[in-house]
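Scroll down for the structure; my scribbles are underneath it.
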Amino acid sequence: MDRADIKKALKDPHKWGEKYSLWATYFCTGCGIMEIPPVLTARWDAERFGVKPMATPRQSNLFLITGYVSIKTLRAIILSYEQMPDPKYTVAFGSCPIDGGLYHTSYNTVNHLDRYLPIDGWIAGCMPRPEAIFIAVTKLWKMIDGEMVDGYKRYRENIDYYRRNQERVLGKEFIDSIPASTMVKP
Amino acid sequence: MILEILVIVGLAAPLLGVAIGYRRPRVRSVYSLLVALFPLVTLATMYGRTIAVQYAHLPFLGIDLSLRLTPLSWFFGIAISVIGLFALVYSFAYMKDRKRLDLFYFLFLLVNGGMLGVVLSGDLFTFYILWEIMSIATFLSISFTGREALSAGIKYILFSIAGSSAMLIAIVSLYVTFGSVDIVALTTAMSGATVGYAVFILMMFSIAFGIKNAVLPFHTWLPDAYSESVAPFSAVLAGMLTRLGVYGFLLAMYVLIGCGMLQRFNYHGISFSIVLAWLGAISIVIPTFIALLQHDAKKLLAWHGIGQGGYMILGIALGSSLGVAGGIFHTLNHAIYIVLLFLVVGAVQYRTGGITDLNRLGGLAKRMPITFIGGLLGISGLIGIPLTNGFVSKWLIYKAVILDSHPFLAFAALIGTWGTILSVFKFLHNTFLGQLPEEYKDVKEVPLAMQIPILFFGALILLFGIFPGIPLRAVASIEMYFSIDPIRSTLFGVPKAVGELNMINIFAAVLAAGLAVYGVFSLARKSRRVTQYDNYAAGAPVPVGQYQHSVRFYDQADRIIRPHLRDRIDAFYGWIATQSTAFFEQARKIYTGNINTYALWIVILLGVFVTMNLLGWRP
Amino acid sequence: MTIWMRIVWIAVLPIVALLISVFFMGLSRKVIARVQRRYGPPIYQPVIDLVKLFTQHSNISHGMIFDMGLIIALAGSLVTLLFIPVGGIHPLSSSGDLLVLIYLMLISPIGVALSAGASGNPNASIGISRKLTLALGYEVPFLLVLLTVMTQGGTTSLVSFVQGQSTSILSWGLFRFPLSAIAMFLILPVMLGIRPFDIAGAPQEIASGPQVEFGGKYLALASIEHGLHLFIVIALFVDLFLGGAANLGTFFLKMLLVFLIGVFIGAVYPRFRIDQALKYCWKWPTLFALLGLILVMIIGS
């Protein structure tokens, strides 16, 4: 953690701010949310990393997909993701977003989440322990430093691909009702 | 000569206007504009002059009727002319396709002429006649649109007649006691009168002007009257007509009775000034919190009209240099911003098809930006944010009250501001902010004739807020006329000896701070504009056209405050009305239509007279 | 104070206040964390947050009123600063007294309310309604306290009142008006918006209230405005009851003391409902303030 490295901070204040002030949308997407309150409270204190839960996506830049994603939740996830300001990072918890995990054969869940939403990093486990979440946060910092996280750029550039997949699962009516402002470059 | 021309034009021009409008309506508009412009131009040239002219002599009463231009008349006259002119310009667009426009313009010009005559009258007889002309024209104007407006108008005229009767008692009593109705002669005569008689006269006048100015407990006619009349007339009614009660108070207290005599009205420590000040303070607090509970925009503003009237009465009652200056200045400022707010509500009504219900409007700032700016400036003045004119006059009143050691009166005045903030923000939010309902998606901005008065009054709010010295000079000359210490003012505030108020520094600081913040703001990335449907709704699509999100805006405060503010005074007047109606219902049964009963009444009456004669009673 | 010194202080005082409020915000997070037996973020965390918010790649706006409302609010707060004596520095106090000050404090809530209303989000409207209702609640005892101070001194000038407290520790407002000091201390959490009275921006209930649509630079401006509001209220409390101070250092020490007490209260309490908050404000604090005013009137006459 090079938070106190003033020279590095002055060289690129944006990256310094992004890394050490990751605000997560407090959106409980699935069963994995059970692991987040222990992360935020006193025992495994997430605030010392700068991670705070925020009530609205407009104020956050980290989106944690905790656990499986059902079709109903996918609608809310897409709307919330598109309401977040750039740059934004998505981290998927557990094995369900990777390949369906425990609910691989279910009719109601999504198996490969990164066909519908750009994911920057995965954490394996069912559910990952808080220590795994912190390792993920530090890895995310290194990736931000190395400019390897560009999920949001990928989303905008390949929006047709993502929209096609979303439409297949969610229906044309919902896709048409999404406010179109995310298509505009910032 | 010029004063007589002013009054004659004010009263006769409406009739000519009807004749013109009958043949050529378009010429009538130009004609009305010229008639409204004439007093403004004439009065503007007469600043600082004091003229007195006797225009008639009534031999059977032995009185001279006169007109007089004093600093007080000039101040109110200019305000009346300006408001009349701009409300007229507004009404050209607002009333364009309505019926009975002849009647409207006749009444509008007559009301303005009557008001001007009232402030220019030099003797109480002329005052009374023109006061009655004005009141009856007001009654007809309020009832212009028909049914509920008619009942509101009747309520108004009943109250007004009660007040005028009290005033008539006072005038007749003064004539009988002193043999004259000329104001100047009465002033010298009253300085020799007994305290008891002076208190009686002042009581009668206070009832009359208290009813006109809607001081508690005579205020119940006002909310209905303001909300039922059409917008340009509501503006004139709220701006200047009700404030003629303040003019009357000033006339009665400081011209007729005089400062010196007023200070002698002390009954074991309770003086007239204190009672009036407390009535003013109650008139501030209670109506302002009742305004919080309203959901009709015009009623909300009407209750604020009552509340702000309380500020004026509070200032005037104190009698000190700062207090009277604050009260008079507040009359002018209130006129400006309440006229602006009623014109804004009228603009919203015009474009949305007559809707003033706050539970149905919303988001109109995007479609009507100029109206929104007018509304924002109007409520800033009403609240009294620094840099607006309302702030300076309120500051003067507060300082006067605090320096005179009346902390509870000051508390009432200060908490009134917070009630104001809550209720007018609800008004602004429910009309202009929030979500725009689907049915008003294509609402356009109002026509130019309606924008001009809105922008003019908005600019005046800022102008008098940053340069309060301009109107304060006129106020100081009024105070000199009353033989009160005139208020010393600089162009931007008051000098150090009086207090600490320098608006130009505050303005410069706000401007600099605003520019600095805006600079920092624009250094960051430019923002992307999103529609109102791209909004946080907990991950769900924003529901379109289904909900009105600002209903019951202050639900919690409402629940705590509402049980304490039931309108018992109105219920009391309603009870009097029903009892009187019941009594008259019974009393009219004397007229049975049956000739036998009438013969019986005649015989009984004759019998009564004979008996009385036998018993020795001689008329 | 010469005109040049005045201009220098007008430029410098807001920056000093900004640094102090940023420090206070960070300190509050650290202290709350320690109270909750965890480490918490570093004290300079608000700096990191503000840098992130200002340098964000995209900012979302709902129109001109949305932008201008926040700018007006922050400008209002900055101007209000210049009228409060901060340890002997009061560049503009001869242009405005205590009455001007309490009216200048109105500009920022109205600016934030405009912005929140323009966002068109019902959560923001609810937040604003709660904020204004809460303000109505604390204004009743606050105005009574201010009137007590003004009546006793016979003046509306805050500077002369502060100077009147400089003779000895016993001439502090705390000892001259003990009832009013208790009343103001009871409503200090309400005015600062710390728990149990952070009702206006309750994240869990109404999704941050007025700030629901604020992101990026808007949230940065709103946080700075909140910090400055804290500074203004605590400075007012120190000036009225803790004797002001002759220099900046002592003044900030006193502010720190008051702020820490507030933070400790906020660290342990849950949130009140708005009607509970109103009843709280209108009960004991109003009673104490009223008794204080009556006492001053009796002693004065």
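Going by the structure tokens order, chains are called A, B, ..., each with residues numbered from 1, while ligands are numbered from 1 in the order shown.
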If you take only C-alpha atoms and a cut-off of 10 Å, which residues of chain A touch chain C, and what are their nearest atom pairs and distances in Å to one decimal, in chain and number order, as CSV?
residue,atom,partner,partner_atom,distance
A:Arg3,CA,C:Ile48,CA,9.3
A:Ala4,CA,C:Tyr44,CA,9.6
A:Ala9,CA,C:Ile48,CA,9.6
A:Pro13,CA,C:Val51,CA,6.9
A:His14,CA,C:Thr55,CA,5.6
A:Lys15,CA,C:Lys52,CA,8.1
A:Trp16,CA,C:Ile48,CA,7.4
A:Gly17,CA,C:Lys52,CA,4.2
A:Glu18,CA,C:Lys52,CA,5.6
A:Lys19,CA,C:Lys52,CA,8.7
A:Tyr20,CA,C:Ile48,CA,6.8
A:Ser21,CA,C:Asp49,CA,5.6
A:Leu22,CA,C:Asp49,CA,8.7
A:Trp23,CA,C:Asp49,CA,9.3
A:Tyr26,CA,C:Gln204,CA,9.7
A:Thr41,CA,C:Arg38,CA,8.3
A:Ala42,CA,C:Arg38,CA,5.1
A:Arg43,CA,C:Arg38,CA,7.0
A:Trp44,CA,C:Arg38,CA,8.2
A:Asp45,CA,C:Arg38,CA,6.3
A:Ala46,CA,C:Gly40,CA,8.0
A:Glu47,CA,C:Gly40,CA,5.5
A:Arg48,CA,C:Pro41,CA,4.0
A:Phe49,CA,C:Pro41,CA,6.7
A:Gly50,CA,C:Pro41,CA,6.1
A:Val51,CA,C:Pro41,CA,9.0
A:Pro53,CA,C:Pro203,CA,9.6
A:Met54,CA,C:Pro203,CA,7.5
A:Ala55,CA,C:Ala207,CA,5.1
A:Thr56,CA,C:Ala207,CA,6.0
A:Pro57,CA,C:Gly215,CA,8.7
A:Arg58,CA,C:Gly215,CA,5.2
A:Gln59,CA,C:Gly215,CA,4.7
A:Ser60,CA,C:Gly215,CA,7.9
A:Asn61,CA,C:Gln56,CA,9.6
A:Gln83,CA,C:Ile60,CA,9.1
A:Met84,CA,C:Gly215,CA,8.5
A:Pro85,CA,C:Ser58,CA,5.6
A:Asp86,CA,C:Ser58,CA,5.3
A:Pro87,CA,C:His57,CA,6.3
A:Lys88,CA,C:His57,CA,9.8
A:Lys185,CA,C:Ser58,CA,8.8
A:Pro186,CA,C:Ser58,CA,5.2
(request) Residues of chain A near chain B: apply a cut-off of 6 Å, count only C-alpha atoms, and supply the list as a VMD selection string. (result) chain A and resid 76 79 to 80 179
Write out the residues from the selection above, keeping C-alpha atoms, as a compact mmCIF listing (two decimals), in the first residue's frame.
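The result, written out as result_10.txt:
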# COMPACT_ATOMS: atom_id res chain seq x y z
CA ALA A 76 -31.47 -4.07 -11.54
CA LEU A 79 -29.62 -0.25 -14.54
CA SER A 80 -27.45 0.40 -11.48
CA PRO A 179 -32.35 5.45 -20.64
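When the distance limit is 9 Å and only C-alpha atoms are what count, the residues near Glu4 in chain B, minus those fewer than 6 positions from it on the same chain, are Val53, Tyr55 and Leu67 of chain B.
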Would you output that residue set with C-alpha atoms, as a compact mmCIF listing (two decimals), in the first residue's frame?
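And here is the file that came out, result-v8.txt:
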# COMPACT_ATOMS: atom_id res chain seq x y z
CA VAL B 53 -55.55 72.10 -2.99
CA TYR B 55 -61.44 71.48 -4.67
CA LEU B 67 -56.58 66.96 -1.90
Contact set, chain C to chain B: 6 Å, only C-alpha atoms, as a CSV table (one decimal) with N, CA and C atoms, in the first residue's frame:
chain,number,residue,atom,x,y,z
C,54,PHE,N,-13.2,14.9,-7.5
C,54,PHE,CA,-13.0,16.0,-8.5
C,54,PHE,C,-12.4,15.5,-9.8
C,59,ASN,N,-19.2,13.3,-15.0
C,59,ASN,CA,-20.1,13.8,-13.9
C,59,ASN,C,-21.5,13.9,-14.6
C,60,ILE,N,-22.5,13.7,-13.7
C,60,ILE,CA,-23.9,13.6,-14.3
C,60,ILE,C,-24.6,14.8,-13.7
C,61,SER,N,-25.3,15.5,-14.6
C,61,SER,CA,-26.1,16.7,-14.1
C,61,SER,C,-27.5,16.6,-14.6
C,62,HIS,N,-28.4,17.2,-13.9
C,62,HIS,CA,-29.8,17.2,-14.3
C,62,HIS,C,-30.2,18.5,-14.8
C,75,ALA,N,-21.2,29.0,-2.2
C,75,ALA,CA,-20.8,30.5,-2.1
C,75,ALA,C,-21.4,31.1,-0.9
C,79,VAL,N,-19.3,32.9,2.2
C,79,VAL,CA,-19.5,34.3,2.6
C,79,VAL,C,-19.9,34.3,4.0
C,94,SER,N,-18.0,44.4,9.9
C,94,SER,CA,-18.6,45.7,10.0
C,94,SER,C,-19.7,45.9,8.9
C,95,SER,N,-19.8,44.9,8.0
C,95,SER,CA,-20.9,45.1,7.0
C,95,SER,C,-22.1,44.3,7.4
C,96,GLY,N,-22.0,43.5,8.5
C,96,GLY,CA,-23.1,42.7,8.8
C,96,GLY,C,-23.0,42.2,10.3
C,97,ASP,N,-24.1,42.2,11.0
C,97,ASP,CA,-24.1,41.8,12.4
C,97,ASP,C,-24.7,40.4,12.5
C,117,GLY,N,-34.0,19.4,-5.5
C,117,GLY,CA,-35.3,19.5,-6.2
C,117,GLY,C,-35.2,19.3,-7.7
C,118,ALA,N,-34.1,19.9,-8.3
C,118,ALA,CA,-33.9,19.8,-9.7
C,118,ALA,C,-33.6,18.4,-10.2
C,120,GLY,N,-35.1,15.8,-9.5
C,120,GLY,CA,-36.3,15.1,-9.8
C,120,GLY,C,-36.4,13.7,-9.2
C,122,PRO,N,-37.6,11.5,-6.0
C,122,PRO,CA,-38.4,11.6,-4.8
C,122,PRO,C,-37.6,11.5,-3.5
C,129,SER,N,-37.4,17.8,2.5
C,129,SER,CA,-38.5,18.1,3.4
C,129,SER,C,-38.1,17.8,4.9
C,275,ASP,N,-40.2,13.0,13.5
C,275,ASP,CA,-41.2,13.6,14.5
C,275,ASP,C,-40.6,13.5,15.9
(message) Just list as a PyMOL selection string whatever in range 35-107 of chain C DSSP marks as strand (DSSP E or B).
(response) chain C and resi 59-61+86+89+96
(request) Find the residues near range 293-300 of chain B: any atom within 7 Å, counting only C-alpha atoms, skip ones fewer than 3 places away on the same chain, and give them as an MDAnalysis selection string. (result) chainID B and resid 223 226:227 290 303:304 356:359 427 558
(request) Excluding range 111-117 of chain A and any residue of its chain fewer than 3 positions from it, enumerate the residues within 10 Å of it, using only C-alpha atoms, and give them as an NGL selection string. (result) :A and (65 or 68-70 or 74 or 77-78 or 81 or 90 or 92 or 95-101 or 103-108 or 120 or 151-152 or 154-155 or 159 or 161-167 or 169)
(request) For range 126-128 of chain B, work out the shell of residues within 8 Å, counting only C-alpha atoms and skipping chain neighbours fewer than 4 positions away, then give it as a list in words. (result) Leu65, Ser66, Gly117, Val118, Val119, Ser121, Gly122, Glu132, Ser164, Met167 and Leu168 of chain B
Can you list, as a PDB file with C-alpha atoms, in the first residue's frame, every protein, DNA or RNA residue that comes within 12 Å of Met5 in chain C when you count only C-alpha atoms, leaving out same-chain residues fewer than 4 positions away?
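out.pdb, freshly written:
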ATOM      1  CA  MET C   1      -7.390  46.375  10.181  1.00  0.00           C
ATOM      2  CA  TRP C   9      -7.851  37.651   5.188  1.00  0.00           C
ATOM      3  CA  ILE C  10     -10.965  37.488   2.980  1.00  0.00           C
ATOM      4  CA  ALA C  11      -8.980  35.302   0.611  1.00  0.00           C
ATOM      5  CA  VAL C  12      -7.153  33.270   3.235  1.00  0.00           C
ATOM      6  CA  LEU C  13      -9.882  32.636   5.792  1.00  0.00           C
ATOM      7  CA  ILE C  89     -10.182  37.668  12.483  1.00  0.00           C
ATOM      8  CA  HIS C  90     -13.445  39.110  11.196  1.00  0.00           C
ATOM      9  CA  PRO C  91     -12.824  40.822   7.874  1.00  0.00           C
ATOM     10  CA  LEU C  92     -16.379  41.749   6.959  1.00  0.00           C
TER      11      LEU C  92
END
(request) Could you tell me, as number ranges by chain, which residues of range 18-178 of chain A DSSP assigns to alpha helix (DSSP H) when given the backbone? (result) A: 18-20, 36-40, 71-83, 96-99, 130-145, 151-157, 159-170, 172-177
Would you output that residue set with C-alpha atoms, as a CSV table (one decimal), in the first residue's frame?
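Once written, result.csv looks like this:
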chain,number,residue,atom,x,y,z
A,18,GLU,CA,-9.3,6.0,-7.4
A,19,LYS,CA,-7.3,3.4,-5.6
A,20,TYR,CA,-7.6,4.5,-2.0
A,36,ILE,CA,-20.1,-8.1,3.2
A,37,PRO,CA,-21.4,-6.8,6.7
A,38,PRO,CA,-18.5,-8.6,8.5
A,39,VAL,CA,-16.1,-7.0,6.0
A,40,LEU,CA,-17.5,-3.5,6.8
A,71,ILE,CA,-32.8,-12.8,-14.2
A,72,LYS,CA,-34.7,-10.4,-12.0
A,73,THR,CA,-31.6,-9.1,-10.4
A,74,LEU,CA,-29.8,-8.8,-13.7
A,75,ARG,CA,-32.3,-6.0,-14.7
A,76,ALA,CA,-31.5,-4.1,-11.5
A,77,ILE,CA,-27.7,-4.7,-11.9
A,78,ILE,CA,-27.7,-3.4,-15.4
A,79,LEU,CA,-29.6,-0.2,-14.5
A,80,SER,CA,-27.4,0.4,-11.5
A,81,TYR,CA,-24.2,-0.3,-13.4
A,82,GLU,CA,-25.2,2.2,-16.1
A,83,GLN,CA,-26.0,4.8,-13.5
A,96,CYS,CA,-21.7,-18.3,-9.6
A,97,PRO,CA,-20.8,-15.4,-11.8
A,98,ILE,CA,-17.9,-17.4,-13.3
A,99,ASP,CA,-19.8,-20.4,-14.6
A,130,PRO,CA,-13.2,-11.4,4.1
A,131,GLU,CA,-9.5,-11.9,3.8
A,132,ALA,CA,-10.0,-13.0,0.2
A,133,ILE,CA,-12.0,-9.8,-0.4
A,134,PHE,CA,-9.1,-7.7,1.0
A,135,ILE,CA,-6.6,-9.5,-1.2
A,136,ALA,CA,-8.9,-8.7,-4.1
A,137,VAL,CA,-8.9,-5.0,-3.2
A,138,THR,CA,-5.2,-4.8,-3.1
A,139,LYS,CA,-4.9,-6.7,-6.4
A,140,LEU,CA,-7.4,-4.2,-7.8
A,141,TRP,CA,-5.1,-1.4,-6.7
A,142,LYS,CA,-2.2,-3.0,-8.6
A,143,MET,CA,-4.4,-3.4,-11.7
A,144,ILE,CA,-5.5,0.2,-11.5
A,145,ASP,CA,-1.8,1.2,-11.4
A,151,GLY,CA,-14.2,-2.9,-18.1
A,152,TYR,CA,-16.2,0.3,-18.5
A,153,LYS,CA,-14.4,1.2,-21.7
A,154,ARG,CA,-15.0,-2.3,-23.0
A,155,TYR,CA,-18.7,-2.0,-22.1
A,156,ARG,CA,-19.1,1.2,-24.1
A,157,GLU,CA,-17.1,0.0,-27.1
A,159,ILE,CA,-22.2,-2.2,-26.2
A,160,ASP,CA,-24.0,-4.0,-29.1
A,161,TYR,CA,-22.5,-7.3,-28.0
A,162,TYR,CA,-23.6,-6.8,-24.5
A,163,ARG,CA,-27.1,-5.5,-25.5
A,164,ARG,CA,-27.7,-8.5,-27.7
A,165,ASN,CA,-26.9,-10.9,-24.9
A,166,GLN,CA,-29.0,-8.9,-22.4
A,167,GLU,CA,-31.9,-8.8,-24.8
A,168,ARG,CA,-31.8,-12.5,-25.3
A,169,VAL,CA,-32.3,-13.0,-21.6
A,170,LEU,CA,-34.3,-10.0,-20.5
A,172,LYS,CA,-36.8,-6.4,-25.9
A,173,GLU,CA,-39.2,-4.3,-23.9
A,174,PHE,CA,-36.8,-3.9,-21.0
A,175,ILE,CA,-33.8,-3.1,-23.2
A,176,ASP,CA,-35.8,-0.4,-25.0
A,177,SER,CA,-36.8,1.2,-21.7
